[in-house]
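Novice: Contents of structure_3.txt (compact mmCIF, C-alpha atoms and all ligand atoms) are given next:
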```txt
# COMPACT_ATOMS: atom_id res chain seq x y z
CA MET A 30 205.42 173.10 123.07
CA ASP A 31 203.39 173.42 126.29
CA LYS A 32 205.26 175.56 128.84
CA PHE A 33 205.21 172.69 131.38
CA GLU A 34 206.48 170.04 128.98
CA LEU A 35 209.92 168.71 129.78
CA PRO A 36 212.63 168.69 127.10
CA GLU A 37 212.93 165.34 125.32
CA LYS A 38 216.45 164.74 126.66
CA LEU A 39 215.29 165.16 130.26
CA LYS A 40 212.36 162.80 129.69
CA GLU A 41 214.78 160.20 128.39
CA GLU A 42 217.00 160.64 131.42
CA ILE A 43 214.06 160.13 133.80
CA ARG A 44 212.95 156.99 131.94
CA ALA A 45 216.45 155.57 132.02
CA ARG A 46 216.88 156.27 135.73
CA VAL A 47 213.51 154.72 136.70
CA LEU A 48 213.43 151.72 134.38
CA GLY A 49 217.14 150.97 134.39
CA GLU A 50 219.38 149.32 136.97
CA GLY A 51 219.73 150.83 140.44
CA PHE A 52 216.39 152.66 140.67
CA MET A 53 215.50 153.38 144.30
CA LYS A 54 212.62 155.84 144.52
CA LEU A 55 210.72 158.57 142.70
CA VAL A 56 208.49 161.14 144.39
CA GLN A 57 206.60 163.81 142.53
CA SER A 58 204.39 166.49 144.14
CA VAL A 59 202.15 168.57 141.94
CA ARG A 60 200.28 171.65 143.15
CA ARG A 61 197.32 172.71 141.09
CA ASN A 62 194.29 174.87 141.98
CA GLY A 63 195.12 174.74 145.69
CA ARG A 64 195.24 170.91 145.67
CA GLN A 65 198.24 168.67 146.10
CA PHE A 66 198.78 165.42 144.28
CA LYS A 67 201.70 163.27 145.28
CA ILE A 68 202.89 160.08 143.68
CA SER A 69 205.76 157.88 144.75
CA MET A 70 207.15 154.81 143.07
CA ARG A 71 209.68 152.25 144.22
CA PRO A 72 210.80 148.81 143.14
CA VAL A 73 209.47 145.80 145.04
CA GLU A 74 209.81 142.07 144.59
CA ILE A 75 206.61 140.04 144.62
CA GLY A 76 206.82 136.28 144.26
CA GLY A 77 210.36 136.64 142.88
CA GLU A 78 209.19 139.10 140.19
CA ARG A 79 210.36 142.70 139.98
CA LYS A 80 207.46 145.14 140.23
CA PHE A 81 206.91 148.78 141.04
CA GLN A 82 204.84 149.90 143.98
CA ALA A 83 203.05 153.17 143.24
CA GLU A 84 201.39 155.17 146.01
CA MET A 85 199.07 157.96 144.88
CA ASN A 86 197.95 160.56 147.39
CA ASP A 87 195.29 162.83 145.92
CA ASP A 88 194.76 165.49 148.58
CA GLY A 89 194.49 162.84 151.30
CA HIS A 90 192.95 159.99 149.24
CA VAL A 91 195.60 157.29 149.25
CA GLN A 92 195.78 154.44 146.77
CA VAL A 93 198.54 151.85 146.50
CA LYS A 94 199.14 149.67 143.43
CA ASN A 95 201.75 147.10 142.53
CA LEU A 96 202.56 147.45 138.85
CA ALA A 97 204.28 145.15 136.41
CA VAL A 98 207.10 146.75 134.41
CA ASN A 99 204.92 147.69 131.38
CA ALA A 100 202.26 149.30 133.54
CA ALA A 101 204.94 151.13 135.51
CA ALA A 102 206.45 152.45 132.29
CA GLN A 103 203.02 153.70 131.26
CA GLY A 104 202.50 155.28 134.70
CA LEU A 105 205.88 156.95 134.39
CA GLU A 106 204.79 158.62 131.13
CA GLU A 107 201.84 160.12 133.03
CA ILE A 108 204.18 161.34 135.75
CA ILE A 109 206.45 162.92 133.15
CA ALA A 110 203.49 164.50 131.35
CA GLN A 111 202.03 166.16 134.47
CA ARG A 112 201.15 169.83 134.09
CA GLY A 113 201.43 172.54 136.72
CA ALA A 114 204.04 173.49 139.30
CA ARG A 115 205.79 170.41 140.60
CA ASP A 116 208.79 168.91 142.33
CA LEU A 117 210.29 165.61 141.35
CA HIS A 118 212.95 163.76 143.33
CA LEU A 119 214.44 160.67 141.79
CA MET A 120 216.93 158.46 143.60
CA THR A 121 219.10 155.80 142.04
CA ALA A 122 222.14 153.95 143.31
CA LYS A 123 224.32 156.29 141.28
CA GLY A 124 222.82 159.57 142.53
CA ASP A 125 219.83 161.90 142.76
CA LEU A 126 218.00 164.03 140.26
CA HIS A 127 215.95 167.00 141.41
CA LEU A 128 213.52 168.69 139.11
CA ARG A 129 211.43 171.75 139.87
CA VAL A 130 208.86 173.26 137.53
CA THR A 131 207.59 176.65 138.69
CA ARG A 132 204.09 178.02 138.20
CA LYS A 133 205.37 180.00 135.23
CA GLY A 134 206.75 176.81 133.71
CA ARG A 135 210.42 177.51 134.43
CA ILE A 136 212.29 174.20 134.67
CA GLN A 137 215.15 173.84 137.16
CA VAL A 138 217.21 170.66 137.24
CA SER A 139 219.96 169.65 139.64
CA ARG A 140 221.92 166.45 139.89
CA SER A 141 223.90 165.13 142.84
CA ALA A 142 227.52 164.09 142.49
CA GLU A 143 227.92 160.47 141.44
CA MET A 144 227.29 158.06 144.31
CA ASP A 145 227.89 154.42 144.98
CA ARG A 146 224.76 153.34 146.87
CA VAL A 147 223.25 149.88 146.94
CA ALA A 148 219.69 149.83 145.61
CA LEU A 149 217.93 147.19 147.65
CA VAL A 150 214.71 145.87 146.13
CA GLN A 151 212.47 145.12 149.07
CA PRO A 152 210.56 141.88 149.13
CA HIS A 153 206.88 142.85 149.17
CA ASP A 154 206.44 141.60 152.75
CA ARG A 155 208.79 144.26 154.01
CA VAL A 156 206.73 147.01 152.38
CA LYS A 157 204.08 148.17 154.83
CA LYS A 158 201.30 145.70 154.28
CA LEU A 159 197.87 146.05 155.80
CA PRO A 160 195.28 143.29 156.16
CA LEU A 161 193.10 145.08 153.61
CA THR A 162 195.95 145.33 151.11
CA SER A 163 196.97 141.71 151.59
CA PHE A 164 194.29 140.62 149.08
CA ASP A 165 192.39 142.41 146.32
CA SER A 166 189.88 144.32 148.43
CA THR A 167 188.98 147.10 145.98
CA ALA A 168 185.45 145.85 145.18
CA LEU A 169 184.80 145.10 148.86
CA LEU A 170 185.90 148.55 150.04
CA LYS A 171 183.73 150.18 147.39
CA ALA A 172 180.75 147.99 148.34
CA VAL A 173 180.94 148.89 152.03
CA GLY A 174 181.48 152.57 151.19
CA ILE A 175 184.99 152.92 152.61
CA ALA A 176 186.38 153.57 149.12
CA ASP A 177 184.97 155.81 146.39
CA GLY A 178 184.13 154.73 142.84
CA GLU A 179 187.79 154.99 141.86
CA GLY A 180 188.81 152.69 144.71
CA ARG A 181 190.35 155.46 146.80
CA ILE A 182 189.79 155.57 150.55
CA LYS A 183 187.31 158.38 151.19
CA THR A 184 188.67 161.13 153.41
CA GLY A 185 185.86 160.73 155.94
CA MET A 186 186.35 156.95 156.06
CA ARG A 187 190.07 156.87 156.81
CA GLY A 188 189.42 156.41 160.56
CA LYS A 189 187.14 153.43 159.90
CA TYR A 190 189.64 151.99 157.39
CA ASP A 191 192.37 152.18 160.04
CA GLN A 192 190.12 150.71 162.75
CA VAL A 193 189.16 147.76 160.55
CA ASN A 194 192.75 147.12 159.45
CA GLU A 195 194.01 147.18 163.03
CA PHE A 196 191.13 145.02 164.24
CA LEU A 197 191.99 142.48 161.54
CA LYS A 198 195.61 142.47 162.69
CA VAL A 199 194.39 141.46 166.15
CA VAL A 200 192.24 138.74 164.55
CA LYS A 201 195.29 137.39 162.72
CA GLU A 202 197.42 137.44 165.86
CA THR A 203 194.64 135.78 167.88
CA LEU A 204 194.23 133.02 165.31
CA SER A 205 197.93 132.35 164.76
CA GLY A 206 198.53 128.66 165.32
CA PHE A 207 194.78 127.93 165.27
CA GLU A 208 193.72 125.20 162.85
CA PRO A 209 190.43 126.17 161.20
CA PRO A 210 187.75 123.47 161.16
CA GLN A 211 187.71 121.34 158.00
CA ASP A 212 184.20 119.91 158.30
CA ARG A 213 182.18 123.06 159.01
CA PRO A 214 182.53 126.81 158.53
CA PHE A 215 184.61 128.84 160.94
CA THR A 216 181.77 130.95 162.34
CA VAL A 217 181.98 134.51 163.61
CA VAL A 218 179.20 136.71 165.00
CA ASP A 219 179.62 140.49 164.87
CA CYS A 220 177.44 142.08 167.56
CA GLY A 221 176.19 145.59 166.70
CA CYS A 222 177.56 145.28 163.17
CA GLY A 223 176.19 148.57 161.82
CA LYS A 224 176.80 148.89 158.07
CA ALA A 225 179.11 145.86 158.09
CA TYR A 226 182.45 147.61 157.66
CA LEU A 227 184.17 145.13 159.96
CA THR A 228 181.77 142.24 159.29
CA ALA A 229 182.34 142.17 155.53
CA CYS A 230 186.06 142.91 155.71
CA LEU A 231 186.54 140.15 158.28
CA TYR A 232 184.66 137.65 156.11
CA PHE A 233 186.85 138.27 153.06
CA TYR A 234 190.04 138.59 155.12
CA LEU A 235 189.50 135.14 156.67
CA LEU A 236 188.81 133.62 153.27
CA HIS A 237 191.32 135.37 151.03
CA SER A 238 194.16 136.39 153.30
CA LEU A 239 194.13 133.80 156.10
CA SER A 240 192.90 131.15 153.60
CA PHE A 241 190.31 129.59 155.92
CA PRO A 242 188.57 126.92 153.85
CA GLU A 243 185.01 127.83 154.84
CA VAL A 244 183.82 130.89 156.67
CA ARG A 245 180.47 132.14 157.90
CA VAL A 246 180.12 135.62 159.36
CA ILE A 247 176.84 136.80 160.86
CA GLY A 248 176.22 140.43 161.74
CA ILE A 249 173.51 141.40 164.23
CA ASP A 250 172.09 144.89 164.53
CA ARG A 251 168.80 146.24 165.77
CA ARG A 252 168.55 148.99 163.17
CA ALA A 253 166.59 148.00 160.08
CA ASP A 254 168.29 150.61 157.85
CA VAL A 255 171.84 149.47 158.60
CA VAL A 256 170.90 145.80 158.23
CA ALA A 257 169.39 146.60 154.82
CA ALA A 258 172.65 148.36 153.82
CA ALA A 259 174.71 145.43 155.14
CA ARG A 260 172.61 142.88 153.22
CA LYS A 261 173.20 144.88 150.07
CA VAL A 262 176.95 144.45 150.62
CA SER A 263 176.67 140.66 150.83
CA SER A 264 174.47 140.62 147.75
CA VAL A 265 176.78 142.91 145.70
CA MET A 266 179.77 140.83 146.79
CA ASP A 267 177.86 137.59 146.14
CA ALA A 268 178.79 136.32 149.60
CA GLU A 269 176.07 133.95 150.74
CA ALA A 270 177.75 133.13 154.04
CA LEU A 271 177.93 136.80 155.01
CA GLU A 272 174.59 137.06 156.76
CA PHE A 273 172.73 139.69 158.72
CA VAL A 274 170.10 139.48 161.42
CA GLU A 275 167.93 142.42 162.37
CA SER A 276 167.46 142.06 166.11
CA ASP A 277 168.36 143.32 169.53
CA LEU A 278 171.38 141.37 170.72
CA GLU A 279 169.52 140.48 173.90
CA SER A 280 166.77 138.62 172.03
CA ALA A 281 168.71 137.46 168.96
CA ASP A 282 167.66 134.01 167.82
CA SER A 283 170.90 132.08 167.52
CA SER A 284 169.33 128.68 166.89
CA GLY A 285 170.56 128.66 163.28
CA PHE A 286 174.10 129.81 163.98
CA GLY A 287 175.63 126.38 164.63
CA ARG A 288 178.88 126.35 166.56
CA VAL A 289 180.16 129.92 167.07
CA ASP A 290 183.96 130.16 167.10
CA MET A 291 184.44 133.87 167.51
CA VAL A 292 182.40 136.85 168.66
CA VAL A 293 183.49 140.35 167.71
CA SER A 294 182.11 143.79 168.40
CA LEU A 295 183.41 147.16 167.33
CA HIS A 296 181.92 150.08 169.22
CA ALA A 297 178.64 148.42 170.12
CA CYS A 298 177.03 151.17 172.18
CA ASP A 299 177.02 151.20 175.96
CA THR A 300 175.93 147.87 177.49
CA ALA A 301 175.69 146.26 174.01
CA THR A 302 179.42 145.61 174.51
CA ASP A 303 178.59 143.71 177.73
CA GLU A 304 175.84 141.85 175.91
CA ALA A 305 178.34 140.88 173.19
CA LEU A 306 180.69 139.48 175.85
CA ALA A 307 177.79 137.64 177.50
CA LYS A 308 176.66 136.16 174.19
CA GLY A 309 180.21 135.05 173.46
CA VAL A 310 180.29 133.19 176.78
CA GLU A 311 176.82 131.67 176.32
CA TRP A 312 177.54 130.57 172.74
CA LYS A 313 180.78 129.02 174.03
CA ALA A 314 182.90 130.99 171.57
CA ARG A 315 186.58 130.28 171.99
CA PHE A 316 187.55 133.81 170.94
CA ILE A 317 185.91 137.10 171.87
CA LEU A 318 187.31 140.40 170.58
CA SER A 319 185.44 143.47 171.67
CA ALA A 320 186.27 147.16 171.28
CA PRO A 321 183.90 148.96 173.67
CA CYS A 322 182.11 152.19 172.89
CA CYS A 323 180.64 154.87 175.11
CA GLN A 324 179.30 153.56 178.40
CA HIS A 325 176.94 155.18 180.85
CA GLU A 326 176.24 152.59 183.50
CA LEU A 327 178.87 153.55 186.09
CA HIS A 328 178.24 157.27 185.59
CA LYS A 329 174.79 156.73 187.04
CA SER A 330 175.98 154.50 189.88
CA LEU A 331 178.76 156.86 190.95
CA ALA A 332 176.82 160.11 190.49
CA ASP A 333 175.74 160.32 194.15
CA ARG A 334 179.09 159.36 195.70
CA ARG A 335 180.10 162.53 197.55
CA ASP A 336 183.37 160.91 198.69
CA PHE A 337 184.46 160.66 195.04
CA SER A 338 183.19 164.11 194.06
CA GLY A 339 186.71 165.49 193.51
CA LEU A 340 187.30 162.70 191.00
CA LEU A 341 183.96 163.02 189.29
CA ARG A 342 183.47 166.78 189.03
CA GLN A 343 185.25 167.25 185.69
CA SER A 344 183.24 165.51 182.99
CA ILE A 345 186.24 164.42 180.90
CA LEU A 346 187.94 162.85 183.93
CA ARG A 347 184.68 161.28 185.08
CA GLU A 348 184.20 159.76 181.64
CA ARG A 349 187.73 158.35 181.50
CA LEU A 350 187.54 157.01 185.04
CA CYS A 351 184.24 155.27 184.32
CA ASP A 352 185.63 153.81 181.07
CA ILE A 353 188.70 152.45 182.84
CA LEU A 354 186.66 150.99 185.68
CA THR A 355 184.07 149.44 183.36
CA ASP A 356 186.69 147.81 181.14
CA SER A 357 188.63 146.59 184.20
CA PHE A 358 185.49 144.96 185.60
CA ARG A 359 184.74 143.43 182.19
CA ALA A 360 188.27 142.02 181.87
CA MET A 361 188.17 140.60 185.41
CA ILE A 362 184.78 138.98 184.91
CA MET A 363 185.93 137.36 181.67
CA ARG A 364 188.99 136.04 183.49
CA ILE A 365 186.80 134.59 186.27
CA LEU A 366 184.69 132.88 183.60
CA GLY A 367 187.74 131.11 182.17
CA PHE A 368 188.99 133.46 179.47
CA LYS A 369 192.58 134.53 179.20
CA THR A 370 191.97 138.23 178.79
CA GLN A 371 194.13 141.11 177.62
CA VAL A 372 193.19 144.75 177.28
CA VAL A 373 195.09 146.33 174.41
CA GLU A 374 195.13 149.57 172.44
CA PHE A 375 194.30 148.18 169.01
CA VAL A 376 194.52 151.38 166.95
CA SER A 377 195.95 154.88 167.33
CA SER A 378 193.83 157.46 169.12
CA GLU A 379 193.80 159.49 165.90
CA ALA A 380 191.69 156.81 164.24
CA THR A 381 189.28 156.72 167.20
CA ALA A 382 189.29 157.86 170.81
CA ARG A 383 187.62 154.49 171.57
CA ASN A 384 190.75 152.50 170.88
CA ILE A 385 190.70 149.89 173.65
CA LEU A 386 190.04 146.27 172.80
CA LEU A 387 189.30 143.32 175.09
CA LYS A 388 190.94 140.23 173.68
CA CYS A 389 189.62 137.04 175.27
CA GLU A 390 190.39 133.41 174.59
CA TYR A 391 188.76 130.59 176.53
CA GLY A 392 191.17 128.25 178.22
CA VAL A 393 191.96 129.04 181.86
CA LYS A 394 190.34 127.48 184.90
CA PRO A 395 187.13 129.37 185.76
CA GLY A 396 186.33 130.64 189.28
CA GLN A 397 189.92 130.81 190.56
CA PRO A 398 190.08 132.46 194.01
CA GLY A 399 192.79 134.95 192.91
CA PRO A 400 190.77 136.67 190.15
CA VAL A 401 187.54 136.35 192.15
CA GLY A 402 189.10 138.05 195.19
CA GLU A 403 190.62 140.78 193.03
CA TYR A 404 187.27 141.48 191.42
CA LEU A 405 185.27 141.55 194.67
CA ASN A 406 187.80 143.85 196.36
CA LEU A 407 187.69 146.37 193.56
CA ARG A 408 183.92 146.19 193.13
CA ASP A 409 183.33 146.70 196.86
CA TYR A 410 185.86 149.52 197.06
CA TRP A 411 183.89 151.45 194.44
CA GLY A 412 180.57 150.29 195.85
CA VAL A 413 179.07 149.43 192.47
CA THR A 414 177.55 146.42 190.77
CA PRO A 415 178.81 146.31 187.17
CA TRP A 416 176.12 145.63 184.57
CA LEU A 417 177.95 142.53 183.38
CA GLU A 418 177.87 140.98 186.84
CA THR A 419 174.10 141.37 186.96
CA ARG A 420 173.85 140.03 183.40
CA PHE A 421 175.73 136.84 184.27
CA GLY A 422 173.79 136.33 187.53
CA GLU A 423 174.15 132.81 188.86
CA MET A 424 177.00 131.92 186.50
CA LEU A 425 179.22 134.30 188.48
CA ALA A 426 177.47 134.21 191.82
CA LYS A 427 178.38 130.54 192.33
CA TYR A 428 182.09 131.44 192.19
CA PHE A 429 181.60 134.34 194.62
CA ARG A 430 179.86 132.07 197.13
CA ARG A 431 182.72 129.61 196.96
CA TYR A 432 185.13 132.42 197.74
CA GLU A 433 183.27 133.94 200.70
C1 LIG A 501 178.61 152.82 166.82
S1 LIG A 501 177.81 151.67 165.81
C2 LIG A 501 179.13 150.65 165.31
C3 LIG A 501 178.80 149.82 164.11
C4 LIG A 501 179.91 148.94 163.56
N1 LIG A 501 180.30 147.91 164.48
C5 LIG A 501 181.08 149.76 163.13
O1 LIG A 501 182.12 149.73 163.80
O2 LIG A 501 180.98 150.47 162.15
C6 LIG A 501 176.94 150.68 167.00
C7 LIG A 501 175.89 149.78 166.37
O3 LIG A 501 175.41 148.91 167.41
C8 LIG A 501 174.02 148.75 167.25
N2 LIG A 501 173.47 148.38 168.56
C9 LIG A 501 173.58 149.07 169.72
N3 LIG A 501 172.98 148.41 170.73
C10 LIG A 501 172.48 147.27 170.18
C11 LIG A 501 171.74 146.19 170.71
N4 LIG A 501 171.43 146.13 171.99
N5 LIG A 501 171.37 145.21 169.86
C12 LIG A 501 171.70 145.25 168.55
N6 LIG A 501 172.39 146.26 167.99
C13 LIG A 501 172.78 147.26 168.80
C14 LIG A 501 173.56 150.09 166.74
O4 LIG A 501 172.32 149.99 166.07
C15 LIG A 501 174.69 150.52 165.83
O5 LIG A 501 174.47 150.13 164.51
```
Please go through the file and, once you have read it, give me the structure as structure tokens.

Specialist:
Amino acid sequence: MDKFELPEKLKEEIRARVLGEGFMKLVQSVRRNGRQFKISMRPVEIGGERKFQAEMNDDGHVQVKNLAVNAAAQGLEEIIAQRGARDLHLMTAKGDLHLRVTRKGRIQVSRSAEMDRVALVQPHDRVKKLPLTSFDSTALLKAVGIADGEGRIKTGMRGKYDQVNEFLKVVKETLSGFEPPQDRPFTVVDCGCGKAYLTACLYFYLLHSLSFPEVRVIGIDRRADVVAAARKVSSVMDAEALEFVESDLESADSSGFGRVDMVVSLHACDTATDEALAKGVEWKARFILSAPCCQHELHKSLADRRDFSGLLRQSILRERLCDILTDSFRAMIMRILGFKTQVVEFVSSEATARNILLKCEYGVKPGQPGPVGEYLNLRDYWGVTPWLETRFGEMLAKYFRRYE
């Protein structure tokens, strides 16, 4: 018998505790060759059926699966058969079992006193559910390169995975109560789409999770290499209405887009974020969701202001100040143009330092004196002309004239 193999009686006990009544949770951590592999299993209820949710964490690669009873029993055999030093903690309503196998293969078992806990089986909705786990996204995540060949989130892509998930949550919240069109596709344009991480995930999320009847998502990017990569995703995923245009945003030909319902942008560089907002307004999109990226415009404008030199000397503070001012001007301009606008932190700063998102929905009266006055006061205080103001030109200027 292999030195790590558990005695038959102990294996039976583990099987009975996991597959029998009152199972609450199993967690096993295995250390081998300097790597750590952790698996946890717990009962969940999906559509009235008892299942087991297994979460595998292979040195940072996380994968979650919902297993039917047979598959869970099979998975449990693999857990039991693991080799190497390990800890196993098994909780049931009646008590806990702790198992430790040392590097030398010594097996230590301890059991808690008998308990009288209630083993609640959580409905699946109460288990942490992400937009990208709310439908079968494995093939999609592999196609865009967020997941590896085994379907695990790549370590270097975790930040992007989190950003996309959190962006999709904002999409869902924004569209709650919105009735998708029945006679044409709900159309979204992603400005500065890059390799289509958000573009493709949004397309399938709208179709498979939000159940929109017909969806068209168009990504625009000026880089030929990323557009080629993005087109490969739509071809691999056989998604005809996931389209890509290689163009500068400024000169993008939108004549074939039809009615645009939503414009999104995730980290479109510098003034490309402003251009995305401007396009959203010009295409009369009802929804505009834009997470800005780096921006340089105000840095240049404020560089010579000696009266602000104390504020601008330290580069990190200068950068943050310029970001805050730029996004404030953007939000105020969108409000003047008739969009109810919120600035939110859409994702944790661990996933990206660029975690601000402008959430705009058309529907308030444009050119109101309150927002116009607020904007002009702030703009004149700082003595700058935001890029977006210049971009909108007469569309904004007419409201300013009315105010003065
Ligand atoms: C930081 S990447 C973000 C890509 C993608 N949205 C994502 O989150 O993975 C910014 C992308 O915007 C594109 N871009 C920047 N300025 C642009 C412009 N004026 N017109 C079109 N694409 C632009 C770049 O080529 C780049 O692919």

Novice: At a cut-off of 6 Å and counting only C-alpha atoms and all ligand atoms, what residues surround ligand LIG 501 (chain A)? Please answer as a ChimeraX atom specification.

Specialist: /A:221-223,226,250-252,276-278,294-298,301

Novice: Would you mind reading off the distance between atom CA of Arg430 of chain A and atom CA of Leu407 of chain A, one decimal, in Å?

Specialist: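 Atom-to-atom, atom CA of Arg430 of chain A and atom CA of Leu407 of chain A are spaced 16.7 Å apart.
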
Novice: How close does segment 158-225 of chain A get to segment 229-242 of chain A? List, as a tab-separated table, each residue of segment 158-225 of chain A within 10 Å, its nearest atom pair and the distance in Å to one decimal, counting only C-alpha atoms.

Specialist:
```
residue	atom	partner	partner_atom	distance
A:Pro160	CA	A:Tyr234	CA	7.1
A:Leu161	CA	A:Tyr234	CA	7.3
A:Thr162	CA	A:Ser238	CA	9.4
A:Ser163	CA	A:Ser238	CA	6.3
A:Phe164	CA	A:Ser238	CA	6.0
A:Asp165	CA	A:His237	CA	8.5
A:Ser166	CA	A:Phe233	CA	8.2
A:Leu169	CA	A:Cys230	CA	7.3
A:Leu170	CA	A:Cys230	CA	8.0
A:Ala172	CA	A:Ala229	CA	9.4
A:Val173	CA	A:Ala229	CA	7.7
A:Tyr190	CA	A:Cys230	CA	9.9
A:Val193	CA	A:Cys230	CA	7.5
A:Asn194	CA	A:Cys230	CA	8.7
A:Phe196	CA	A:Leu231	CA	9.0
A:Leu197	CA	A:Leu231	CA	6.8
A:Val200	CA	A:Leu231	CA	8.6
A:Lys201	CA	A:Leu239	CA	7.6
A:Leu204	CA	A:Leu239	CA	9.2
A:Ser205	CA	A:Leu239	CA	9.6
A:Glu208	CA	A:Phe241	CA	8.9
A:Pro209	CA	A:Phe241	CA	6.3
A:Pro210	CA	A:Pro242	CA	8.1
A:Gln211	CA	A:Pro242	CA	7.0
A:Asp212	CA	A:Pro242	CA	9.4
A:Arg213	CA	A:Pro242	CA	9.1
A:Pro214	CA	A:Pro242	CA	7.6
A:Phe215	CA	A:Phe241	CA	7.6
A:Thr216	CA	A:Tyr232	CA	9.6
A:Val217	CA	A:Tyr232	CA	8.6
A:Asp219	CA	A:Leu231	CA	9.6
A:Cys222	CA	A:Ala229	CA	9.5
A:Lys224	CA	A:Ala229	CA	9.1
A:Ala225	CA	A:Ala229	CA	5.5
```

Novice: Work out how far atom CA of Leu387 of chain A is from atom CA of Arg359 of chain A, in Å to one decimal.

Specialist: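 Result for atom CA of Arg359 of chain A versus atom CA of Leu387 of chain A: 8.4 Å, one decimal.
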
Novice: Please measure the separation of atom CA of Gly392 of chain A and atom CA of Leu425 of chain A, giving the value in Å to one decimal.

Specialist: 16.9 Å

Novice: Using all atoms listed in the file, pick whichever of A:Val292, A:Ala168, A:Leu159, A:Ile109 has the shortest atom-to-atom distance to Leu39 of chain A.

Specialist: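 Looking at the shortest contact to Leu39 of chain A, the residue is A:Ile109.
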
Novice: List as a ChimeraX atom specification the protein and nucleic acid residues near Ala314 of chain A, meaning an atom at most 8 Å away when all atoms listed in the file are counted, but skip any in the same chain fewer than 2 places from it.

Specialist: /A:288-292,309-312,316-317,391

Novice: Out of A:Gly134, A:Val147, A:Glu374, A:Leu96, which residue has the shortest atom-to-atom distance to Glu78 of chain A when counting only C-alpha atoms?

Specialist: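 Selected residue with least distance to Glu78 of chain A: A:Leu96.
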
Novice: I'd like to know which of A:Glu41, A:Glu50, A:Glu379, A:Asp303 is closest to Ala148 of chain A, using all atoms listed in the file.

Specialist: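 Selected residue with least distance to Ala148 of chain A: A:Glu50.
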
Novice: Counting all atoms listed in the file, figure out which residue out of A:Leu35, A:Ile247, A:Leu346, A:Val376 gets nearest to Ala110 of chain A.

Specialist: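 Under the stated criterion, the closest residue is A:Leu35.
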
Novice: Might you pull out every residue within 12 Å of Ile385 of chain A, with only C-alpha atoms counted and same-chain residues fewer than 5 positions away left off, and present them as a JSON list (two decimals) with C-alpha atoms, in the coordinates of the input?

Specialist:
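Generated output (part.json):
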```json
[["chain", "number", "residue", "atom", "x", "y", "z"],
["A", 192, "GLN", "CA", 190.12, 150.71, 162.75],
["A", 195, "GLU", "CA", 194.01, 147.18, 163.03],
["A", 196, "PHE", "CA", 191.13, 145.02, 164.24],
["A", 199, "VAL", "CA", 194.39, 141.46, 166.15],
["A", 294, "SER", "CA", 182.11, 143.79, 168.40],
["A", 295, "LEU", "CA", 183.41, 147.16, 167.33],
["A", 296, "HIS", "CA", 181.92, 150.08, 169.22],
["A", 318, "LEU", "CA", 187.31, 140.40, 170.58],
["A", 319, "SER", "CA", 185.44, 143.47, 171.67],
["A", 320, "ALA", "CA", 186.27, 147.16, 171.28],
["A", 321, "PRO", "CA", 183.90, 148.96, 173.67],
["A", 322, "CYS", "CA", 182.11, 152.19, 172.89],
["A", 323, "CYS", "CA", 180.64, 154.87, 175.11],
["A", 349, "ARG", "CA", 187.73, 158.35, 181.50],
["A", 352, "ASP", "CA", 185.63, 153.81, 181.07],
["A", 353, "ILE", "CA", 188.70, 152.45, 182.84],
["A", 355, "THR", "CA", 184.07, 149.44, 183.36],
["A", 356, "ASP", "CA", 186.69, 147.81, 181.14],
["A", 357, "SER", "CA", 188.63, 146.59, 184.20],
["A", 360, "ALA", "CA", 188.27, 142.02, 181.87],
["A", 371, "GLN", "CA", 194.13, 141.11, 177.62],
["A", 372, "VAL", "CA", 193.19, 144.75, 177.28],
["A", 373, "VAL", "CA", 195.09, 146.33, 174.41],
["A", 374, "GLU", "CA", 195.13, 149.57, 172.44],
["A", 375, "PHE", "CA", 194.30, 148.18, 169.01],
["A", 376, "VAL", "CA", 194.52, 151.38, 166.95],
["A", 377, "SER", "CA", 195.95, 154.88, 167.33],
["A", 378, "SER", "CA", 193.83, 157.46, 169.12],
["A", 380, "ALA", "CA", 191.69, 156.81, 164.24]]
```

Novice: Could you check which of A:Ile68, A:Ala259, A:Val150, A:Ala122 is closest to Arg46 of chain A, using only C-alpha atoms?

Specialist: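 Ranking A:Ile68, A:Ala259, A:Val150, A:Ala122 by distance to Arg46 of chain A, first place goes to A:Ala122.
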
Novice: Residues near Lys54 of chain A, anyone? I mean within 9 Å using only C-alpha atoms, not counting same-chain ones fewer than 2 positions away, as an NGL selection string.

Specialist: :A and (47 or 52 or 56 or 69-72 or 118-121)

Novice: Taking into account all atoms listed in the file, which residue in the set A:Val413, A:Asp254, A:Gln137, A:Leu386 is nearest to His328 of chain A?

Specialist: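 Checking each of A:Val413, A:Asp254, A:Gln137, A:Leu386 against His328 of chain A, counting all atoms listed in the file, the winner is A:Val413.
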
Novice: Could you list, as a short mmCIF file (atom, residue, chain, number, x, y, z; two decimals) with C-alpha atoms, keeping the file's coordinate frame, every residue within 7 Å of Thr370 of chain A, counting only C-alpha atoms and ignoring same-chain residues fewer than 5 positions away?

Specialist:
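Result file is result_39.cif:
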```
data_model
loop_
_atom_site.label_atom_id
_atom_site.label_comp_id
_atom_site.auth_asym_id
_atom_site.auth_seq_id
_atom_site.Cartn_x
_atom_site.Cartn_y
_atom_site.Cartn_z
CA ALA A 360 188.27 142.02 181.87
CA MET A 363 185.93 137.36 181.67
CA ARG A 364 188.99 136.04 183.49
CA LEU A 387 189.30 143.32 175.09
CA LYS A 388 190.94 140.23 173.68
CA CYS A 389 189.62 137.04 175.27
CA GLU A 390 190.39 133.41 174.59
#
```
